[in-house]
Every structure is written in structure tokens, then in C-alpha cells.
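Source file: entry_20.cif (mmCIF, C-alpha atoms and all ligand atoms)
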data_start
#
loop_
_atom_site.label_atom_id
_atom_site.label_comp_id
_atom_site.auth_asym_id
_atom_site.auth_seq_id
_atom_site.Cartn_x
_atom_site.Cartn_y
_atom_site.Cartn_z
CA MET A 1 -4.30 -54.67 -27.99
CA ALA A 2 -1.81 -52.25 -26.49
CA ILE A 3 -0.88 -51.22 -23.02
CA ARG A 4 -1.56 -47.53 -22.52
CA ARG A 5 0.08 -45.23 -19.99
CA ILE A 6 -1.91 -44.63 -16.79
CA VAL A 7 -1.88 -40.99 -15.71
CA THR A 8 -1.35 -40.03 -12.07
CA ALA A 9 -3.37 -37.84 -9.72
CA GLU A 10 -1.87 -34.49 -10.74
CA ASP A 11 -3.00 -34.88 -14.38
CA PRO A 12 -5.96 -32.50 -15.05
CA VAL A 13 -7.70 -35.15 -17.22
CA LEU A 14 -8.60 -36.92 -13.95
CA ARG A 15 -10.49 -33.81 -12.81
CA GLU A 16 -12.63 -33.44 -15.91
CA ARG A 17 -16.16 -34.73 -16.18
CA THR A 18 -15.90 -37.22 -19.00
CA LYS A 19 -18.18 -37.12 -22.04
CA LYS A 20 -20.97 -39.54 -22.81
CA VAL A 21 -20.23 -42.08 -25.53
CA SER A 22 -22.59 -41.70 -28.48
CA SER A 23 -20.98 -43.96 -31.08
CA PHE A 24 -20.33 -47.57 -30.19
CA ASP A 25 -17.78 -47.97 -32.93
CA ALA A 26 -14.37 -49.48 -33.59
CA SER A 27 -12.54 -46.74 -31.67
CA LEU A 28 -14.60 -47.51 -28.53
CA HIS A 29 -13.84 -51.22 -28.98
CA ARG A 30 -10.13 -50.47 -29.41
CA LEU A 31 -10.18 -48.36 -26.23
CA LEU A 32 -11.88 -51.16 -24.24
CA ASP A 33 -9.55 -53.77 -25.75
CA ASP A 34 -6.52 -51.70 -24.68
CA MET A 35 -7.87 -50.93 -21.21
CA LEU A 36 -8.00 -54.61 -20.24
CA PRO A 37 -4.28 -55.44 -20.68
CA THR A 38 -3.43 -51.98 -19.27
CA MET A 39 -5.40 -52.74 -16.08
CA ARG A 40 -4.02 -56.28 -15.78
CA ASP A 41 -0.45 -55.11 -16.34
CA ALA A 42 -0.70 -52.40 -13.65
CA PRO A 43 -1.99 -54.65 -11.95
CA GLY A 44 -5.42 -53.49 -10.90
CA VAL A 45 -9.07 -54.54 -10.68
CA GLY A 46 -10.65 -51.42 -12.19
CA LEU A 47 -9.76 -48.72 -14.71
CA ALA A 48 -11.56 -45.64 -16.04
CA ALA A 49 -10.88 -44.24 -19.53
CA ASN A 50 -9.69 -40.87 -18.23
CA GLN A 51 -6.93 -42.76 -16.41
CA VAL A 52 -5.54 -43.50 -19.87
CA ALA A 53 -6.18 -39.86 -20.86
CA VAL A 54 -9.39 -40.51 -22.83
CA PRO A 55 -12.15 -38.31 -21.35
CA LEU A 56 -15.09 -40.60 -22.16
CA GLN A 57 -17.60 -42.36 -19.89
CA VAL A 58 -15.96 -45.78 -20.16
CA ALA A 59 -14.67 -48.03 -17.37
CA ILE A 60 -13.81 -51.67 -16.76
CA ILE A 61 -13.76 -53.80 -13.61
CA GLU A 62 -12.39 -57.31 -13.25
CA ILE A 63 -13.00 -59.09 -9.95
CA ASP A 64 -12.92 -62.85 -9.32
CA GLY A 65 -12.27 -63.44 -13.01
CA LYS A 66 -15.41 -61.60 -14.08
CA LEU A 67 -14.92 -58.68 -16.47
CA THR A 68 -17.51 -55.89 -16.54
CA GLU A 69 -17.33 -53.26 -19.28
CA LEU A 70 -19.27 -50.10 -18.50
CA VAL A 71 -20.17 -47.40 -20.99
CA ASN A 72 -22.10 -44.32 -19.75
CA PRO A 73 -22.59 -45.89 -16.29
CA GLN A 74 -24.84 -44.32 -13.69
CA ILE A 75 -25.69 -45.37 -10.14
CA VAL A 76 -29.46 -45.78 -9.95
CA LYS A 77 -29.73 -47.23 -6.45
CA SER A 78 -27.45 -47.45 -3.42
CA SER A 79 -27.91 -48.65 0.14
CA GLY A 80 -26.03 -49.29 3.35
CA GLU A 81 -22.48 -48.43 4.22
CA GLN A 82 -19.10 -50.16 4.10
CA VAL A 83 -15.73 -48.93 5.34
CA ASP A 84 -12.64 -50.54 3.86
CA TRP A 85 -9.24 -49.85 2.39
CA GLU A 86 -9.18 -48.45 -1.12
CA GLY A 87 -6.42 -47.69 -3.59
CA CYS A 88 -6.22 -46.27 -7.10
CA LEU A 89 -3.90 -46.98 -10.04
CA SER A 90 -3.47 -43.22 -10.43
CA ILE A 91 -2.24 -42.89 -6.83
CA PRO A 92 0.25 -45.76 -6.83
CA GLY A 93 1.58 -47.18 -3.59
CA TYR A 94 -1.05 -45.76 -1.25
CA VAL A 95 -4.35 -46.80 0.30
CA ALA A 96 -6.81 -45.21 2.70
CA GLU A 97 -9.99 -46.21 4.48
CA VAL A 98 -12.99 -44.90 2.57
CA THR A 99 -16.70 -45.11 3.39
CA ARG A 100 -18.84 -46.26 0.48
CA ALA A 101 -22.35 -47.54 -0.06
CA ALA A 102 -22.55 -51.27 0.73
CA LYS A 103 -24.66 -52.11 -2.32
CA VAL A 104 -25.24 -50.32 -5.59
CA THR A 105 -27.21 -50.87 -8.76
CA VAL A 106 -25.68 -49.39 -11.89
CA LYS A 107 -27.28 -48.77 -15.25
CA ALA A 108 -24.87 -48.75 -18.19
CA ARG A 109 -24.44 -49.69 -21.83
CA ASP A 110 -22.23 -52.44 -23.20
CA ARG A 111 -19.72 -51.95 -26.03
CA HIS A 112 -22.51 -52.38 -28.59
CA GLY A 113 -24.79 -49.78 -26.99
CA LYS A 114 -27.15 -52.24 -25.33
CA GLU A 115 -28.42 -51.08 -21.94
CA PHE A 116 -28.00 -53.34 -18.91
CA ARG A 117 -28.13 -53.17 -15.12
CA VAL A 118 -25.63 -54.66 -12.73
CA LYS A 119 -25.80 -55.04 -8.95
CA GLY A 120 -22.76 -55.08 -6.74
CA GLU A 121 -21.75 -55.48 -3.14
CA GLU A 122 -18.48 -55.57 -1.20
CA LEU A 123 -15.41 -54.91 -3.42
CA PHE A 124 -17.44 -54.90 -6.65
CA ALA A 125 -19.76 -52.19 -5.22
CA ARG A 126 -16.71 -50.22 -4.12
CA ALA A 127 -15.13 -50.53 -7.57
CA LEU A 128 -18.34 -49.43 -9.31
CA GLN A 129 -18.51 -46.30 -7.12
CA HIS A 130 -14.78 -45.63 -7.54
CA GLU A 131 -14.89 -45.88 -11.36
CA ILE A 132 -18.05 -43.78 -11.70
CA ASP A 133 -16.38 -41.18 -9.46
CA HIS A 134 -13.39 -41.17 -11.86
CA LEU A 135 -15.76 -40.45 -14.76
CA ASN A 136 -17.09 -37.47 -12.80
CA GLY A 137 -13.60 -36.13 -12.10
CA ARG A 138 -13.52 -37.35 -8.51
CA LEU A 139 -10.78 -39.31 -6.72
CA TYR A 140 -11.06 -41.29 -3.49
CA ILE A 141 -8.66 -38.87 -1.77
CA ASP A 142 -11.43 -36.24 -2.04
CA TYR A 143 -13.29 -38.12 0.72
CA LEU A 144 -10.39 -37.88 3.17
CA ASP A 145 -10.23 -35.10 5.75
CA SER A 146 -6.49 -34.95 5.21
CA LEU A 147 -3.91 -36.57 2.96
CA ASP A 148 -2.29 -37.75 6.23
CA GLU A 149 -4.93 -40.51 6.11
CA LEU A 150 -3.09 -42.06 3.14
CA VAL A 151 -1.10 -45.09 4.23
CA HIS A 152 1.75 -46.60 2.27
CA VAL A 153 0.45 -49.92 1.00
CA ARG A 154 3.44 -51.75 2.51
CA GLU A 155 2.55 -50.44 5.99
CA ALA A 156 -1.04 -51.63 5.61
CA GLU A 157 -0.23 -54.97 4.00
CA ASP A 158 -1.48 -57.07 6.94
CA GLU A 159 -4.95 -55.55 6.60
CA VAL A 160 -5.20 -55.05 2.85
CA THR A 161 -6.14 -57.80 0.42
CA GLU A 162 -4.11 -58.33 -2.73
CA GLU A 163 -7.00 -57.00 -4.82
CA THR A 164 -7.28 -53.82 -2.77
CA ALA A 165 -3.52 -53.31 -2.82
CA ALA A 166 -3.67 -53.59 -6.61
CA GLY A 167 -5.88 -50.52 -6.90
CA ILE A 168 -9.05 -49.65 -8.78
NI NI B 1 -8.85 -45.31 -9.48
#

Written as C-alpha cells, that's how I'd like the structure from this file.
Amino acid sequence: MAIRRIVTAEDPVLRERTKKVSSFDASLHRLLDDMLPTMRDAPGVGLAANQVAVPLQVAIIEIDGKLTELVNPQIVKSSGEQVDWEGCLSIPGYVAEVTRAAKVTVKARDRHGKEFRVKGEELFARALQHEIDHLNGRLYIDYLDSLDELVHVREAEDEVTEETAAGI
């Protein structure tokens, strides 16, 4: 396992639509195995493969000690609305308030190619939407009317949880 470099917002790889994974082989497993220590080291609670410059539909989320590995994830159902602070490991030091669906159901494959569904709400739902956006070349700042809405995480620290401040 190795820690890979996380690219920042100006890198064009974050604006590409990533490619579907078709072989669930050792190189996919190596990527996933590297993404975990990379995310933890950052530290963060979510990471998409294009954030480590690999344009494939692969992402991981780790919240409350539960790791979810997502390959070729797709939102199949979403409902409600939540507004909360959100940050991203590719936009270090900043957060903004972003409106997201309150609950989502995601269909994905695991590292062996087996299909599964996962339901999320609150921060997990936010992270699922954030990571799937990454895989479609979208960043949370795209939802803001102006970059003036970005707040330095230190200025928002009273309102922002440690997990949110860590970034997804
Ligand atoms: Ni992010």
C-alpha cells in the first residue's frame, strides 16, 4: 500500500468523466488498497480515483469506521434535501454550504465485480453524491453561485464537524 498524491482543483483530470471499470483485477485492487491510506493520511472521509489522477469509476468512503468501496457507482434513487457544509480534499482548507439530496440509493460493484446496493443519509448520502460527482467531472464548487461562498475552514470551525472539515 502506498500513499498517492491528491491532485487539486485546477488539474484537468478532475474535469474528465471517468471510465467504467471492466476488469476487476490486481491493478484495481492495488488502486483501492492505495486509496485507503491516501484518504486517511489526508485526512478525509471520501476519495475518488481521479483525485489520485486515475480516471476510472472508483471511489471510497469511510464514515464512522465503515469503509465502502464503490466501483462503477450510480445513483438509482434520491429523495429530500439537506443543506450542510461540505469540503473536498482537492480544494484544501475551504468549505461551503451545499444543498444535496437527503437520502440516496446507489448501485455499484465491489472490487470483485459483484453488484450491490447501498443506502445513505446525512453525511454518508452527501459523500456518495460528492464522490459520484467527482467521477462525472463535477466539483462541489460548481453548485455555488460564486466562489465568494467558499469559507476558510478555520473561520467556519464552530459550525463544521471534524469529518466535514476533513473533506470528501
Ligand atoms: Ni472531493

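In this model, the gap between CA of Ile6 (chain A) and CA of Val76 (chain A) comes to 28.4 Å.
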
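Distances here use all atoms listed in the file; by that measure, the residue among A:Arg100, A:His152, A:Arg109, A:Arg138 closest to Glu16 (chain A) is A:Arg138.
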
When you look at Glu62 (chain A) with a cut-off of 6 Å (counting all atoms listed in the file), what residues show up, excluding the ones that are within fewer than 2 positions of it in the same chain? I need them as a compact mmCIF listing (two decimals) with C-alpha atoms, keeping the file's coordinate frame.
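As a result, out_34.txt now contains:
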# COMPACT_ATOMS: atom_id res chain seq x y z
CA VAL A 45 -9.07 -54.54 -10.68
CA LYS A 66 -15.41 -61.60 -14.08
CA LEU A 67 -14.92 -58.68 -16.47

Could you build a table of the residues in region 44-91 of chain A lying no more than 6 Å from region 17-26 of chain A, giving for each the nearest pair of atoms and their separation in Å rounded to one decimal place, using all atoms listed in the file, ordered by chain and ascending residue number, as JSON lines?
{"residue": "A:Pro55", "atom": "CA", "partner": "A:Thr18", "partner_atom": "CA", "distance": 4.6}
{"residue": "A:Leu56", "atom": "CA", "partner": "A:Lys19", "partner_atom": "CA", "distance": 4.7}
{"residue": "A:Gln57", "atom": "CA", "partner": "A:Lys20", "partner_atom": "CA", "distance": 5.3}
{"residue": "A:Asn72", "atom": "CA", "partner": "A:Lys20", "partner_atom": "CA", "distance": 5.8}

Next on the checklist: Which residue is closest to ligand NI 1 (chain B)? Choose from A:Leu144, A:Val98, A:Leu123, A:Leu89 and count only C-alpha atoms and all ligand atoms.
Outcome noted: A:Leu89

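Between CA of Ala59 (chain A) and CA of Ser146 (chain A) there is a distance of 27.3 Å.
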
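Closest to Leu150 (chain A) among A:Val83, A:Ala102, A:Ile60, A:Cys88 is A:Cys88, based on only C-alpha atoms.
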
Item to check | Surrounding residues of Glu10 (chain A) excluding itself and chain neighbours under 4 positions, 10 Å, all atoms listed in the file, as a list in words | outcome: Leu14, Arg15, Ser90 and Ile91 of chain A

Distance limit 8 Å, reference ligand NI 1 (chain B), atoms considered: only C-alpha atoms and all ligand atoms. Which residues make the cut? Give them as an mmCIF file with C-alpha atoms, keeping the file's coordinate frame.
data_model
loop_
_atom_site.group_PDB
_atom_site.id
_atom_site.type_symbol
_atom_site.label_atom_id
_atom_site.label_comp_id
_atom_site.auth_asym_id
_atom_site.auth_seq_id
_atom_site.Cartn_x
_atom_site.Cartn_y
_atom_site.Cartn_z
ATOM 1 C CA GLY A 46 -10.650 -51.420 -12.190
ATOM 2 C CA LEU A 47 -9.760 -48.720 -14.710
ATOM 3 C CA ALA A 48 -11.560 -45.640 -16.040
ATOM 4 C CA GLN A 51 -6.930 -42.760 -16.410
ATOM 5 C CA GLY A 87 -6.420 -47.690 -3.590
ATOM 6 C CA CYS A 88 -6.220 -46.270 -7.100
ATOM 7 C CA LEU A 89 -3.900 -46.980 -10.040
ATOM 8 C CA SER A 90 -3.470 -43.220 -10.430
ATOM 9 C CA ILE A 91 -2.240 -42.890 -6.830
ATOM 10 C CA HIS A 130 -14.780 -45.630 -7.540
ATOM 11 C CA GLU A 131 -14.890 -45.880 -11.360
ATOM 12 C CA HIS A 134 -13.390 -41.170 -11.860
ATOM 13 C CA LEU A 139 -10.780 -39.310 -6.720
ATOM 14 C CA TYR A 140 -11.060 -41.290 -3.490
ATOM 15 C CA GLY A 167 -5.880 -50.520 -6.900
ATOM 16 C CA ILE A 168 -9.050 -49.650 -8.780
#

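Comparing the minimum interatomic distances between Gly44 (chain A) and each of A:Ala9, A:Pro92, A:Val153, A:Ser78, counting only C-alpha atoms, we find that A:Pro92 sits nearest.
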
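Distances here use all atoms listed in the file; by that measure, the residue among A:Thr99, A:Asn136, A:Asn50, A:Thr8 closest to Glu81 (chain A) is A:Thr99.
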
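Relative to CA of Ala96 (chain A), CA of Gly80 (chain A) is found at 19.7 Å.
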
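All residues of protein, DNA or RNA that reach within 8 Å of Thr38 (chain A), judged by only C-alpha atoms and not counting those fewer than 4 positions away in the chain, are Ala2, Ile3, Arg4, Arg5, Ile6, Asp34, Ala42 and Pro43 of chain A.
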
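Nearest to Trp85 (chain A) of all the residues A:Glu97, A:Pro73, A:Val13, A:Val151 is A:Glu97, based on only C-alpha atoms.
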
Please, what is the axis-aligned box for every listed atom of region 152-165 of chain A with 8 Å on each side, as centre and edge lengths in Å to one decimal, as AutoDock Vina command-line options?
--center_x -1.9 --center_y -52.5 --center_z 1.1 --size_x 26.7 --size_y 27.7 --size_z 27.8

Checklist entry - Skipping near chain neighbours, those fewer than 2 positions away, what residues fall within 12 Å of Lys119 (chain A) using only C-alpha atoms, listed as a PyMOL selection string? => result chain A and resi 68+74-79+102-108+116-117+121-129
